[in-house]
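Undergrad: The following file, entry-v6.tsv, comprises TSV, C-alpha atoms and all ligand atoms:
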```
chain	number	residue	atom	x	y	z
Y	1	MET	CA	40.28	-131.19	23.42
Y	2	ALA	CA	42.93	-133.39	25.07
Y	3	VAL	CA	45.61	-131.46	26.93
Y	4	SER	CA	48.71	-133.26	28.19
Y	5	GLU	CA	49.93	-132.76	31.75
Y	6	THR	CA	53.35	-131.40	30.94
Y	7	MET	CA	54.59	-129.11	28.22
Y	8	ARG	CA	57.81	-127.93	26.64
Y	9	ALA	CA	58.72	-124.36	27.51
Y	10	VAL	CA	61.73	-122.06	27.42
Y	11	ARG	CA	62.27	-120.00	30.53
Y	12	ILE	CA	64.79	-117.77	32.27
Y	13	ALA	CA	65.81	-118.18	35.93
Y	14	GLN	CA	68.14	-115.15	35.97
Y	15	HIS	CA	69.20	-112.19	33.83
Y	16	GLY	CA	71.97	-112.80	31.31
Y	17	GLY	CA	72.89	-113.64	27.72
Y	18	PRO	CA	71.03	-116.03	25.39
Y	19	GLU	CA	72.50	-118.95	27.40
Y	20	VAL	CA	70.04	-118.28	30.27
Y	21	LEU	CA	67.16	-119.35	27.99
Y	22	GLU	CA	66.55	-122.81	29.37
Y	23	PRO	CA	64.43	-125.45	27.55
Y	24	VAL	CA	62.39	-127.22	30.25
Y	25	GLU	CA	59.49	-129.65	30.67
Y	26	VAL	CA	56.99	-128.18	33.13
Y	27	ALA	CA	53.38	-128.69	34.19
Y	28	VAL	CA	50.71	-127.26	31.88
Y	29	PRO	CA	49.30	-124.26	33.80
Y	30	ALA	CA	45.70	-124.58	35.01
Y	31	PRO	CA	43.41	-121.72	34.00
Y	32	GLN	CA	42.26	-119.86	37.14
Y	33	PRO	CA	38.72	-118.48	37.53
Y	34	GLY	CA	38.17	-115.98	34.73
Y	35	GLU	CA	41.07	-117.35	32.66
Y	36	VAL	CA	41.45	-119.53	29.57
Y	37	LEU	CA	44.14	-121.99	28.52
Y	38	VAL	CA	45.57	-121.35	25.05
Y	39	ARG	CA	47.55	-123.85	22.97
Y	40	VAL	CA	50.24	-121.62	21.44
Y	41	SER	CA	50.67	-121.99	17.70
Y	42	ALA	CA	52.95	-118.98	17.18
Y	43	VAL	CA	54.72	-116.50	19.44
Y	44	ALA	CA	56.52	-113.46	18.06
Y	45	LEU	CA	59.73	-112.00	19.49
Y	46	ASN	CA	60.22	-108.41	20.58
Y	47	ASN	CA	63.11	-106.30	21.78
Y	48	THR	CA	61.51	-106.38	25.21
Y	49	ASP	CA	62.31	-110.14	25.31
Y	50	LEU	CA	66.02	-109.29	24.95
Y	51	TRP	CA	65.89	-106.45	27.43
Y	52	THR	CA	63.90	-108.43	30.00
Y	53	ARG	CA	66.31	-111.36	29.65
Y	54	GLU	CA	69.28	-109.01	30.06
Y	55	GLY	CA	67.59	-106.92	32.77
Y	56	ALA	CA	68.40	-103.85	30.70
Y	57	TYR	CA	65.64	-101.46	31.81
Y	58	GLY	CA	67.36	-99.83	34.79
Y	59	ARG	CA	65.38	-98.29	37.65
Y	60	PRO	CA	64.42	-94.73	38.48
Y	61	GLY	CA	67.59	-93.17	39.92
Y	62	ASP	CA	69.71	-96.16	38.86
Y	63	PRO	CA	69.75	-96.47	35.05
Y	64	GLU	CA	72.28	-99.33	35.18
Y	65	ALA	CA	70.33	-101.53	37.63
Y	66	LEU	CA	69.35	-105.02	36.41
Y	67	SER	CA	65.59	-104.86	36.08
Y	68	GLY	CA	62.53	-105.71	34.04
Y	69	TRP	CA	60.53	-102.80	32.58
Y	70	ARG	CA	58.27	-102.55	35.66
Y	71	GLY	CA	60.82	-103.63	38.29
Y	72	PRO	CA	62.27	-106.98	39.43
Y	73	ILE	CA	61.31	-110.10	37.46
Y	74	ASP	CA	59.79	-112.93	39.47
Y	75	PHE	CA	62.00	-115.86	38.32
Y	76	PRO	CA	61.68	-118.41	36.82
Y	77	ARG	CA	59.76	-116.71	34.04
Y	78	ILE	CA	58.54	-117.99	30.65
Y	79	GLN	CA	59.06	-115.17	28.15
Y	80	GLY	CA	56.92	-114.27	25.13
Y	81	ALA	CA	54.26	-111.56	24.90
Y	82	ASP	CA	52.80	-112.16	21.47
Y	83	VAL	CA	50.64	-115.25	21.26
Y	84	ALA	CA	48.30	-116.62	18.62
Y	85	GLY	CA	46.70	-119.98	19.26
Y	86	ARG	CA	43.55	-121.85	20.12
Y	87	VAL	CA	41.58	-121.91	23.35
Y	88	VAL	CA	41.69	-125.47	24.72
Y	89	GLY	CA	40.32	-124.98	28.23
Y	90	VAL	CA	38.53	-122.49	30.45
Y	91	GLY	CA	38.51	-121.75	34.17
Y	92	THR	CA	35.35	-121.36	36.22
Y	93	ASP	CA	33.15	-118.37	35.30
Y	94	VAL	CA	34.28	-118.51	31.67
Y	95	ASP	CA	32.02	-119.24	28.70
Y	96	GLY	CA	32.86	-122.73	27.40
Y	97	ASP	CA	31.99	-121.63	23.85
Y	98	LEU	CA	35.45	-120.05	23.71
Y	99	VAL	CA	37.00	-123.54	23.46
Y	100	GLY	CA	38.21	-124.15	19.91
Y	101	ARG	CA	38.30	-120.47	18.96
Y	102	ARG	CA	41.41	-119.12	17.22
Y	103	VAL	CA	42.59	-116.20	19.31
Y	104	VAL	CA	45.16	-113.47	19.75
Y	105	VAL	CA	46.03	-112.64	23.36
Y	106	ASP	CA	46.29	-109.02	24.50
Y	107	PRO	CA	49.50	-109.33	26.55
Y	108	ALA	CA	48.95	-106.20	28.61
Y	109	VAL	CA	48.20	-106.21	32.31
Y	110	TYR	CA	46.21	-103.00	32.87
Y	111	ASP	CA	46.01	-100.62	35.82
Y	112	ALA	CA	42.21	-100.30	35.65
Y	113	ASP	CA	39.06	-101.49	33.95
Y	114	GLY	CA	37.72	-99.62	30.96
Y	115	PRO	CA	38.91	-98.83	27.45
Y	116	GLU	CA	41.54	-96.20	28.34
Y	117	ALA	CA	43.45	-98.18	31.00
Y	118	ASN	CA	47.25	-98.00	31.06
Y	119	PRO	CA	49.40	-101.10	30.54
Y	120	VAL	CA	51.46	-101.70	33.68
Y	121	GLY	CA	52.53	-105.28	33.07
Y	122	LEU	CA	53.19	-107.65	30.20
Y	123	MET	CA	52.82	-111.34	29.53
Y	124	GLY	CA	56.34	-112.83	29.45
Y	125	SER	CA	57.48	-110.29	32.03
Y	126	GLU	CA	54.94	-109.84	34.84
Y	127	ARG	CA	53.21	-113.18	34.10
Y	128	ASP	CA	54.30	-116.26	32.14
Y	129	GLY	CA	54.23	-115.90	28.38
Y	130	GLY	CA	54.13	-117.89	25.19
Y	131	TYR	CA	57.58	-119.49	24.81
Y	132	ALA	CA	55.68	-122.67	25.64
Y	133	GLU	CA	53.13	-125.09	24.25
Y	134	TYR	CA	50.40	-123.60	26.47
Y	135	VAL	CA	49.75	-120.33	28.25
Y	136	THR	CA	46.94	-119.01	30.45
Y	137	ALA	CA	45.37	-115.58	29.98
Y	138	PRO	CA	42.38	-113.67	31.35
Y	139	ALA	CA	39.35	-114.53	29.19
Y	140	GLN	CA	38.75	-110.79	28.80
Y	141	ARG	CA	42.14	-110.49	27.06
Y	142	VAL	CA	41.66	-113.14	24.36
Y	143	HIS	CA	40.26	-111.89	21.08
Y	144	ASP	CA	38.47	-114.21	18.67
Y	145	VAL	CA	40.05	-113.98	15.22
Y	146	THR	CA	38.84	-117.36	13.96
Y	147	GLY	CA	37.71	-115.98	10.61
Y	148	SER	CA	40.78	-113.83	9.86
Y	149	ALA	CA	42.60	-114.43	6.57
Y	150	LEU	CA	45.92	-113.82	8.37
Y	151	THR	CA	48.09	-116.84	9.28
Y	152	ASP	CA	48.83	-117.70	12.92
Y	153	ASP	CA	52.41	-116.47	12.38
Y	154	GLN	CA	51.07	-113.13	11.13
Y	155	LEU	CA	48.53	-112.88	13.97
Y	156	ALA	CA	51.31	-113.45	16.51
Y	157	THR	CA	53.22	-110.45	15.17
Y	158	LEU	CA	50.38	-108.09	16.09
Y	159	PRO	CA	50.08	-107.54	19.86
Y	160	THR	CA	53.29	-105.77	20.81
Y	161	ALA	CA	54.64	-104.33	17.56
Y	162	TYR	CA	51.33	-103.40	15.91
Y	163	GLY	CA	49.71	-102.61	19.26
Y	164	THR	CA	52.58	-100.25	20.10
Y	165	ALA	CA	52.38	-98.73	16.62
Y	166	LEU	CA	48.64	-98.18	16.87
Y	167	GLY	CA	49.07	-96.75	20.39
Y	168	MET	CA	51.62	-94.24	19.01
Y	169	ILE	CA	49.39	-93.31	16.09
Y	170	GLU	CA	46.33	-92.84	18.30
Y	171	ARG	CA	48.20	-90.90	21.00
Y	172	GLY	CA	49.76	-88.77	18.25
Y	173	ARG	CA	46.26	-88.13	16.84
Y	174	LEU	CA	47.40	-88.82	13.28
Y	175	ARG	CA	44.83	-87.67	10.74
Y	176	GLU	CA	44.30	-88.52	7.10
Y	177	GLY	CA	46.43	-86.39	4.78
Y	178	GLU	CA	49.06	-85.55	7.41
Y	179	THR	CA	52.77	-86.14	6.94
Y	180	VAL	CA	54.48	-88.57	9.32
Y	181	LEU	CA	58.11	-89.36	9.96
Y	182	VAL	CA	58.83	-92.94	11.13
Y	183	SER	CA	62.19	-93.84	12.69
Y	184	GLY	CA	63.54	-97.42	13.00
Y	185	ALA	CA	61.21	-98.11	10.10
Y	186	SER	CA	62.59	-101.53	9.17
Y	187	GLY	CA	61.97	-102.92	12.66
Y	188	GLY	CA	58.97	-104.71	14.09
Y	189	VAL	CA	57.32	-101.54	15.37
Y	190	GLY	CA	58.62	-99.47	12.44
Y	191	VAL	CA	57.08	-101.63	9.69
Y	192	ALA	CA	53.81	-101.62	11.65
Y	193	LEU	CA	53.93	-97.82	11.88
Y	194	VAL	CA	54.54	-97.51	8.15
Y	195	GLN	CA	51.70	-99.89	7.27
Y	196	ILE	CA	49.10	-98.46	9.66
Y	197	ALA	CA	49.97	-94.80	8.93
Y	198	ARG	CA	49.72	-95.52	5.21
Y	199	ALA	CA	46.39	-97.32	5.68
Y	200	ARG	CA	45.15	-94.22	7.50
Y	201	GLY	CA	45.90	-92.04	4.51
Y	202	ALA	CA	49.05	-90.32	5.79
Y	203	ARG	CA	52.05	-89.38	3.70
Y	204	VAL	CA	54.80	-91.57	5.16
Y	205	LEU	CA	58.46	-90.57	5.33
Y	206	ALA	CA	60.61	-93.28	6.87
Y	207	ILE	CA	64.16	-93.48	8.19
Y	208	SER	CA	66.09	-96.69	7.57
Y	209	SER	CA	69.50	-97.83	6.43
Y	210	GLY	CA	71.35	-99.83	3.80
Y	211	SER	CA	69.70	-102.74	2.08
Y	212	LYS	CA	66.58	-102.42	4.27
Y	213	ILE	CA	65.53	-99.19	2.58
Y	214	GLU	CA	63.89	-100.97	-0.33
Y	215	ALA	CA	61.90	-103.27	1.97
Y	216	VAL	CA	60.61	-100.25	3.93
Y	217	ARG	CA	59.44	-98.72	0.65
Y	218	GLU	CA	57.69	-102.00	-0.18
Y	219	ALA	CA	56.00	-101.91	3.24
Y	220	GLY	CA	54.33	-98.66	2.13
Y	221	ALA	CA	56.62	-95.69	2.82
Y	222	HIS	CA	56.29	-92.91	0.22
Y	223	GLU	CA	59.90	-91.85	0.79
Y	224	VAL	CA	62.75	-93.45	2.75
Y	225	VAL	CA	65.72	-91.45	3.97
Y	226	ASP	CA	69.05	-93.03	4.85
Y	227	ARG	CA	70.12	-92.62	8.46
Y	228	ALA	CA	73.76	-92.99	7.44
Y	229	ARG	CA	73.49	-89.52	5.85
Y	230	ASP	CA	72.15	-86.18	7.18
Y	231	VAL	CA	68.58	-87.13	8.15
Y	232	VAL	CA	67.30	-83.59	8.79
Y	233	GLU	CA	68.53	-82.35	5.42
Y	234	GLN	CA	66.89	-85.29	3.61
Y	235	VAL	CA	63.59	-84.86	5.46
Y	236	ARG	CA	63.54	-81.11	4.72
Y	237	ALA	CA	64.04	-81.90	1.03
Y	238	ALA	CA	61.28	-84.53	1.04
Y	239	ALA	CA	58.81	-82.46	3.11
Y	240	PRO	CA	59.64	-78.74	2.86
Y	241	GLU	CA	56.30	-77.95	4.55
Y	242	GLY	CA	57.40	-79.91	7.63
Y	243	ILE	CA	55.97	-82.94	9.37
Y	244	ASP	CA	52.82	-83.24	11.45
Y	245	VAL	CA	53.66	-86.29	13.52
Y	246	ALA	CA	56.96	-88.06	14.26
Y	247	LEU	CA	56.60	-91.70	15.29
Y	248	ASP	CA	59.93	-92.37	16.92
Y	249	VAL	CA	61.43	-95.53	18.42
Y	250	VAL	CA	65.03	-94.28	18.14
Y	251	ALA	CA	65.06	-91.00	20.17
Y	252	GLY	CA	68.68	-90.04	21.14
Y	253	GLN	CA	69.97	-87.20	19.02
Y	254	LEU	CA	67.07	-87.50	16.58
Y	255	VAL	CA	64.71	-85.71	18.99
Y	256	GLY	CA	66.76	-82.52	19.34
Y	257	ASP	CA	67.70	-82.51	15.66
Y	258	GLY	CA	64.21	-83.33	14.47
Y	259	LEU	CA	61.91	-81.14	16.60
Y	260	PRO	CA	62.43	-78.08	14.34
Y	261	LEU	CA	60.98	-80.18	11.49
Y	262	LEU	CA	57.54	-80.21	13.15
Y	263	ARG	CA	54.82	-77.98	11.79
Y	264	GLU	CA	52.74	-75.79	14.12
Y	265	GLY	CA	50.96	-78.01	16.65
Y	266	GLY	CA	53.04	-81.03	15.63
Y	267	ARG	CA	53.39	-84.14	17.79
Y	268	TRP	CA	56.60	-86.07	18.48
Y	269	VAL	CA	55.64	-89.49	19.82
Y	270	ILE	CA	58.39	-91.58	21.46
Y	271	ALA	CA	58.11	-95.30	22.21
Y	272	GLY	CA	61.74	-96.44	22.20
Y	273	ALA	CA	65.30	-95.30	22.71
Y	274	LEU	CA	67.46	-97.36	20.36
Y	275	GLY	CA	69.57	-94.26	19.69
Y	276	GLY	CA	69.94	-93.29	23.39
Y	277	TYR	CA	67.66	-92.41	26.32
Y	278	ASP	CA	69.49	-89.31	27.45
Y	279	VAL	CA	67.83	-86.76	25.21
Y	280	ALA	CA	68.48	-83.00	24.97
Y	281	PHE	CA	66.42	-80.51	22.98
Y	282	ASP	CA	65.84	-76.79	22.71
Y	283	VAL	CA	62.56	-76.38	24.57
Y	284	ARG	CA	61.79	-73.17	22.63
Y	285	ARG	CA	61.23	-75.34	19.55
Y	286	LEU	CA	58.44	-76.94	21.56
Y	287	TYR	CA	56.51	-74.15	23.23
Y	288	LEU	CA	56.85	-71.52	20.53
Y	289	HIS	CA	55.10	-73.89	18.11
Y	290	ASN	CA	52.56	-75.57	20.38
Y	291	ALA	CA	54.35	-78.81	19.70
Y	292	GLN	CA	54.06	-81.83	21.97
Y	293	VAL	CA	56.44	-84.59	22.97
Y	294	ILE	CA	54.35	-87.63	23.85
Y	295	GLY	CA	55.53	-90.81	25.59
Y	296	SER	CA	53.82	-93.98	24.44
Y	297	ALA	CA	53.95	-97.37	26.15
Y	298	MET	CA	52.14	-100.13	24.30
Y	299	HIS	CA	48.40	-99.77	23.79
Y	300	THR	CA	45.12	-99.38	25.68
Y	301	PRO	CA	42.22	-101.88	25.55
Y	302	ARG	CA	40.54	-99.53	23.06
Y	303	HIS	CA	43.62	-99.54	20.81
Y	304	PHE	CA	43.74	-103.35	20.99
Y	305	ASP	CA	40.09	-103.61	19.96
Y	306	LEU	CA	40.88	-101.43	16.92
Y	307	LEU	CA	43.87	-103.64	16.13
Y	308	MET	CA	41.79	-106.83	16.30
Y	309	ALA	CA	39.21	-105.31	13.96
Y	310	MET	CA	42.08	-104.71	11.51
Y	311	ALA	CA	43.22	-108.31	12.01
Y	312	ARG	CA	39.76	-109.74	11.33
Y	313	ALA	CA	39.49	-107.69	8.15
Y	314	ALA	CA	43.14	-108.51	7.24
Y	315	GLU	CA	43.56	-104.78	6.56
Y	316	ILE	CA	47.29	-105.06	7.13
Y	317	GLN	CA	49.69	-107.79	6.03
Y	318	PRO	CA	52.29	-108.25	8.77
Y	319	VAL	CA	55.75	-109.14	7.50
Y	320	VAL	CA	57.21	-112.34	9.00
Y	321	ALA	CA	61.00	-112.22	8.62
Y	322	ALA	CA	61.79	-115.73	9.91
Y	323	THR	CA	60.35	-118.60	11.95
Y	324	PHE	CA	62.16	-120.89	14.41
Y	325	PRO	CA	61.09	-123.94	16.44
Y	326	LEU	CA	60.59	-123.25	20.17
Y	327	ASP	CA	63.76	-125.03	21.28
Y	328	GLN	CA	65.77	-122.57	19.16
Y	329	ALA	CA	64.55	-119.56	21.15
Y	330	ALA	CA	68.13	-118.52	21.96
Y	331	ARG	CA	69.10	-118.57	18.27
Y	332	ALA	CA	65.97	-116.63	17.39
Y	333	GLN	CA	66.76	-113.96	20.00
Y	334	GLU	CA	70.34	-113.69	18.68
Y	335	GLU	CA	68.92	-113.19	15.21
Y	336	LEU	CA	66.65	-110.43	16.53
Y	337	ALA	CA	69.62	-108.76	18.25
Y	338	ARG	CA	71.57	-108.69	14.95
Y	339	ARG	CA	68.82	-106.48	13.45
Y	340	LEU	CA	69.50	-107.66	9.91
Y	341	HIS	CA	65.88	-108.70	9.37
Y	342	VAL	CA	62.86	-106.74	8.18
Y	343	GLY	CA	59.63	-107.44	10.06
Y	344	LYS	CA	59.01	-109.96	12.83
Y	345	ILE	CA	60.71	-113.15	14.04
Y	346	VAL	CA	58.30	-115.89	15.16
Y	347	LEU	CA	58.72	-119.06	17.26
Y	348	ARG	CA	56.49	-122.07	16.67
Y	349	PRO	CA	56.04	-124.18	19.80
O	401	LIG	N1	57.05	-98.24	24.19
O	401	LIG	C1	56.62	-99.44	23.90
O	401	LIG	O1	55.53	-99.84	24.27
O	401	LIG	C2	57.46	-100.33	23.04
O	401	LIG	C3	56.93	-101.50	22.53
O	401	LIG	C4	57.70	-102.25	21.64
O	401	LIG	C5	58.98	-101.83	21.35
O	401	LIG	N2	59.47	-100.72	21.92
O	401	LIG	C6	60.82	-100.22	21.64
O	401	LIG	O2	60.82	-99.74	20.30
O	401	LIG	C7	62.11	-99.94	19.74
O	401	LIG	C8	61.98	-100.66	18.41
O	401	LIG	O3	61.51	-101.96	18.63
O	401	LIG	P1	61.44	-102.98	17.42
O	401	LIG	O4	60.95	-104.23	17.99
O	401	LIG	O5	60.77	-102.37	16.28
O	401	LIG	O6	63.00	-103.10	17.08
O	401	LIG	P2	63.74	-103.84	15.87
O	401	LIG	O7	62.83	-104.78	15.20
O	401	LIG	O8	65.03	-104.32	16.41
O	401	LIG	O9	64.04	-102.65	14.86
O	401	LIG	C9	64.60	-101.45	15.20
O	401	LIG	C10	65.14	-100.75	13.95
O	401	LIG	O10	65.64	-99.50	14.34
O	401	LIG	C11	66.80	-99.18	13.59
O	401	LIG	N3	67.88	-98.91	14.55
O	401	LIG	C12	68.50	-99.79	15.34
O	401	LIG	N4	69.42	-99.18	16.11
O	401	LIG	C13	69.38	-97.88	15.77
O	401	LIG	C14	70.11	-96.73	16.20
O	401	LIG	N5	71.05	-96.81	17.12
O	401	LIG	N6	69.82	-95.57	15.64
O	401	LIG	C15	68.86	-95.48	14.68
O	401	LIG	N7	68.14	-96.54	14.24
O	401	LIG	C16	68.42	-97.73	14.80
O	401	LIG	C17	67.11	-100.35	12.71
O	401	LIG	O11	66.58	-100.05	11.43
O	401	LIG	P3	67.41	-99.38	10.24
O	401	LIG	O12	68.78	-99.96	10.26
O	401	LIG	O13	66.63	-99.73	9.03
O	401	LIG	O14	67.40	-97.91	10.53
O	401	LIG	C18	66.30	-101.48	13.30
O	401	LIG	O15	65.82	-102.37	12.32
O	401	LIG	C19	62.93	-100.67	20.80
O	401	LIG	O16	63.66	-99.71	21.53
O	401	LIG	C20	61.89	-101.28	21.68
O	401	LIG	O17	62.36	-101.50	22.97
O	401	LIG	C21	58.74	-99.97	22.75
```
Transcribe the structure of this file into structure tokens.

TA:
Amino acid sequence: MAVSETMRAVRIAQHGGPEVLEPVEVAVPAPQPGEVLVRVSAVALNNTDLWTREGAYGRPGDPEALSGWRGPIDFPRIQGADVAGRVVGVGTDVDGDLVGRRVVVDPAVYDADGPEANPVGLMGSERDGGYAEYVTAPAQRVHDVTGSALTDDQLATLPTAYGTALGMIERGRLREGETVLVSGASGGVGVALVQIARARGARVLAISSGSKIEAVREAGAHEVVDRARDVVEQVRAAAPEGIDVALDVVAGQLVGDGLPLLREGGRWVIAGALGGYDVAFDVRRLYLHNAQVIGSAMHTPRHFDLLMAMARAAEIQPVVAATFPLDQAARAQEELARRLHVGKIVLRP
């Protein structure tokens, strides 16, 4: 497959607003030993793209410091964690049969080998990502989805949002027949949580707002409560027996208010802090009920394998809210920041 020498990409050379997203023409990266070269057909956006661009993660002891999620970003950096595309080249030590396969890239950089490794880096943050015509990735991290009935746009929505959702659901040990509460349910991770929890046979209560409530119901929520009104009161009415697992990307006041809603042995899984990171709760509501608060960052290799099996079987239908050409990455990120959409925003290089 012919690969040109240069490619269009959008990269950042500093932290800042959407204006630091710079369209550039750069050399096509060469796959190193053990790596493959992927021609990107779709790359989905995530909040982490905005936060990495802004440097909004803070550092331990300095919450206002400009930083990526794992520390300083090595500029210039091509953003974009969520890539679907085709393998067009391989480095030494890699099976040439991979060339031509349609793949999804697991964007995680792990701290160890093995199925339970922790993600400690991310494509688009700790290595160059998919806001480009081509990207390299370790061969071990590309998953063949050639036969999937999902479109490339849909496949690109999976790694971060659905991977994070599946990581939360697995770490929260959600079982069939349990009741879950999903916050931020209209968002990329939220819709994924609703769809996967529903597919697992849970009763899904979701929190959303305004005109997005109906779309969250369509995504599979049994009941949707409005966050503009008293959430705890509405959840108590919808689930008087309490909830087994909270899948929470909002945190803030919701944690302290919501913990008493958990049943005995309930799990409150947190993967985001849209409502505030400085959380206070009455710890008696935790230990007196054998409840657990569980932090969840992305997924493990085992979770990603499960996700790819779902992708091959098209067991879930990811919702694509909008698509943009690559050179409109800044506009696409602004659209994401407005949070008026339901589902995922995708760039097509
Ligand atoms: N831990 C991880 O590995 C990981 C991975 C991916 C994302 N995340 C984090 O998870 C969060 C959600 O990501 P996403 O991509 O799903 O975001 P998103 O697509 O922007 O959606 C978030 C949704 O949350 C709701 N929301 C926004 N601000 C809120 C607030 N202040 N209080 C309550 N609800 C609010 C909105 O829905 P309604 O208006 O319908 O309520 C919004 O649609 C982000 O904080 C992100 O950084 C974490």

Undergrad: Which residues are near ligand LIG 401 (chain O) - at most 6 Å, using all atoms listed in the file? Format: as a PDB file with C-alpha atoms, keeping the file's coordinate frame.

TA:
```
ATOM      1  CA  ASN Y  46      60.220-108.410  20.580  1.00  0.00           C
ATOM      2  CA  ASN Y  47      63.110-106.300  21.780  1.00  0.00           C
ATOM      3  CA  THR Y  48      61.510-106.380  25.210  1.00  0.00           C
ATOM      4  CA  THR Y 160      53.290-105.770  20.810  1.00  0.00           C
ATOM      5  CA  ALA Y 161      54.640-104.330  17.560  1.00  0.00           C
ATOM      6  CA  THR Y 164      52.580-100.250  20.100  1.00  0.00           C
ATOM      7  CA  GLY Y 184      63.540 -97.420  13.000  1.00  0.00           C
ATOM      8  CA  ALA Y 185      61.210 -98.110  10.100  1.00  0.00           C
ATOM      9  CA  SER Y 186      62.590-101.530   9.170  1.00  0.00           C
ATOM     10  CA  GLY Y 187      61.970-102.920  12.660  1.00  0.00           C
ATOM     11  CA  GLY Y 188      58.970-104.710  14.090  1.00  0.00           C
ATOM     12  CA  VAL Y 189      57.320-101.540  15.370  1.00  0.00           C
ATOM     13  CA  GLY Y 190      58.620 -99.470  12.440  1.00  0.00           C
ATOM     14  CA  ILE Y 207      64.160 -93.480   8.190  1.00  0.00           C
ATOM     15  CA  SER Y 208      66.090 -96.690   7.570  1.00  0.00           C
ATOM     16  CA  SER Y 209      69.500 -97.830   6.430  1.00  0.00           C
ATOM     17  CA  LYS Y 212      66.580-102.420   4.270  1.00  0.00           C
ATOM     18  CA  VAL Y 249      61.430 -95.530  18.420  1.00  0.00           C
ATOM     19  CA  VAL Y 250      65.030 -94.280  18.140  1.00  0.00           C
ATOM     20  CA  ALA Y 271      58.110 -95.300  22.210  1.00  0.00           C
ATOM     21  CA  GLY Y 272      61.740 -96.440  22.200  1.00  0.00           C
ATOM     22  CA  ALA Y 273      65.300 -95.300  22.710  1.00  0.00           C
ATOM     23  CA  LEU Y 274      67.460 -97.360  20.360  1.00  0.00           C
ATOM     24  CA  GLY Y 275      69.570 -94.260  19.690  1.00  0.00           C
ATOM     25  CA  SER Y 296      53.820 -93.980  24.440  1.00  0.00           C
ATOM     26  CA  ALA Y 297      53.950 -97.370  26.150  1.00  0.00           C
ATOM     27  CA  MET Y 298      52.140-100.130  24.300  1.00  0.00           C
ATOM     28  CA  ARG Y 339      68.820-106.480  13.450  1.00  0.00           C
TER      29      ARG Y 339
END
```

Undergrad: Show me a table, sorted first by chain and then by increasing residue number, of the residues of region 35-125 of chain Y having an atom at most 8 Å from region 12-27 of chain Y, each with its shortest atom pair and the distance in Å to one decimal, counting only C-alpha atoms and written as CSV.

TA:
```
residue,atom,partner,partner_atom,distance
Y:Thr52,CA,Y:His15,CA,7.5
Y:Arg53,CA,Y:His15,CA,5.1
Y:Glu54,CA,Y:Gly16,CA,4.8
Y:Gly55,CA,Y:His15,CA,5.6
Y:Leu66,CA,Y:His15,CA,7.6
Y:Phe75,CA,Y:Ala13,CA,5.1
Y:Pro76,CA,Y:Ala13,CA,4.2
Y:Arg77,CA,Y:Ile12,CA,5.4
Y:Ile78,CA,Y:Ile12,CA,6.5
Y:Gln79,CA,Y:Ile12,CA,7.5
```

Undergrad: Would you work out the distance separating CA of Val225 (chain Y) from CA of Ala239 (chain Y), expressed in Å to one decimal?

TA: 11.4 Å

Undergrad: Provide the CA of Val36 (chain Y) to CA of Thr157 (chain Y) distance in Å, to one decimal place.

TA: 20.7 Å

Undergrad: What is the CA of Glu126 (chain Y) to CA of Asp97 (chain Y) distance in Å?

TA: 28.0 Å

Undergrad: Find the residue from Y:Val232, Y:Val191, Y:Val40, Y:Leu262 that sits nearest to Glu178 (chain Y); use only C-alpha atoms when measuring.

TA: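 Closest to Glu178 (chain Y), using only C-alpha atoms: Y:Leu262.
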
Undergrad: Return the single residue from Y:Asp128, Y:Asp111, Y:Glu214, Y:Glu116 that is closest to Asp74 (chain Y), with distances computed using all atoms listed in the file.

TA: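 With all atoms listed in the file as the atom set, the closest residue is Y:Asp128.
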
Undergrad: Kindly provide, as a ChimeraX atom specification, the polymer residues lying within 12 Å of (45.2, -93.3, 16.8), counting all atoms listed in the file and using the coordinates exactly as they appear in the file.

TA: /Y:162-176,193,196-197,199-200,245,247,269,296,299-300,302-307

Undergrad: Need the shell around Asp282 (chain Y): protein/DNA/RNA residues with any atom at most 10 Å away, counting all atoms listed in the file. Skip same-chain ones fewer than 4 positions apart. Format as a PyMOL selection string?

TA: chain Y and resi 255-257+259-260+286-287

Undergrad: When you look at region 135-142 of chain Y with a cut-off of 9 Å (counting all atoms listed in the file), what residues show up, excluding the ones that are within fewer than 6 positions of it in the same chain? I need them as a PyMOL selection string.

TA: chain Y and resi 28-40+83+87+90-91+94-95+98+103-108+123+128-129+301

Undergrad: Within 9 Å of Tyr110 (chain Y), counting only C-alpha atoms, which residues show up once you throw out same-chain ones fewer than 6 positions away? Write them as a PyMOL selection string, please.

TA: chain Y and resi 117-122+300-301

Undergrad: Could you pull the residues within 10 Å of Gln253 (chain Y), counting all atoms listed in the file, minus those fewer than 5 positions along the same chain, as a PDB file with C-alpha atoms, in the coordinates of the input?

TA:
```pdb
ATOM      1  CA  GLY Y 258      64.210 -83.330  14.470  1.00  0.00           C
ATOM      2  CA  GLY Y 275      69.570 -94.260  19.690  1.00  0.00           C
ATOM      3  CA  GLY Y 276      69.940 -93.290  23.390  1.00  0.00           C
ATOM      4  CA  TYR Y 277      67.660 -92.410  26.320  1.00  0.00           C
ATOM      5  CA  ASP Y 278      69.490 -89.310  27.450  1.00  0.00           C
ATOM      6  CA  VAL Y 279      67.830 -86.760  25.210  1.00  0.00           C
ATOM      7  CA  ALA Y 280      68.480 -83.000  24.970  1.00  0.00           C
ATOM      8  CA  PHE Y 281      66.420 -80.510  22.980  1.00  0.00           C
TER       9      PHE Y 281
END
```

Undergrad: Can you tell me, as a list of chain:residue names, which residues sit within 10 Å of (57.0, -99.8, 3.4) in the file's frame, using only C-alpha atoms?

TA: Y:Ala185, Y:Ser186, Y:Gly190, Y:Val191, Y:Ala192, Y:Leu193, Y:Val194, Y:Gln195, Y:Arg198, Y:Val204, Y:Leu205, Y:Ala206, Y:Lys212, Y:Ile213, Y:Glu214, Y:Ala215, Y:Val216, Y:Arg217, Y:Glu218, Y:Ala219, Y:Gly220, Y:Ala221, Y:His222, Y:Glu223, Y:Val224
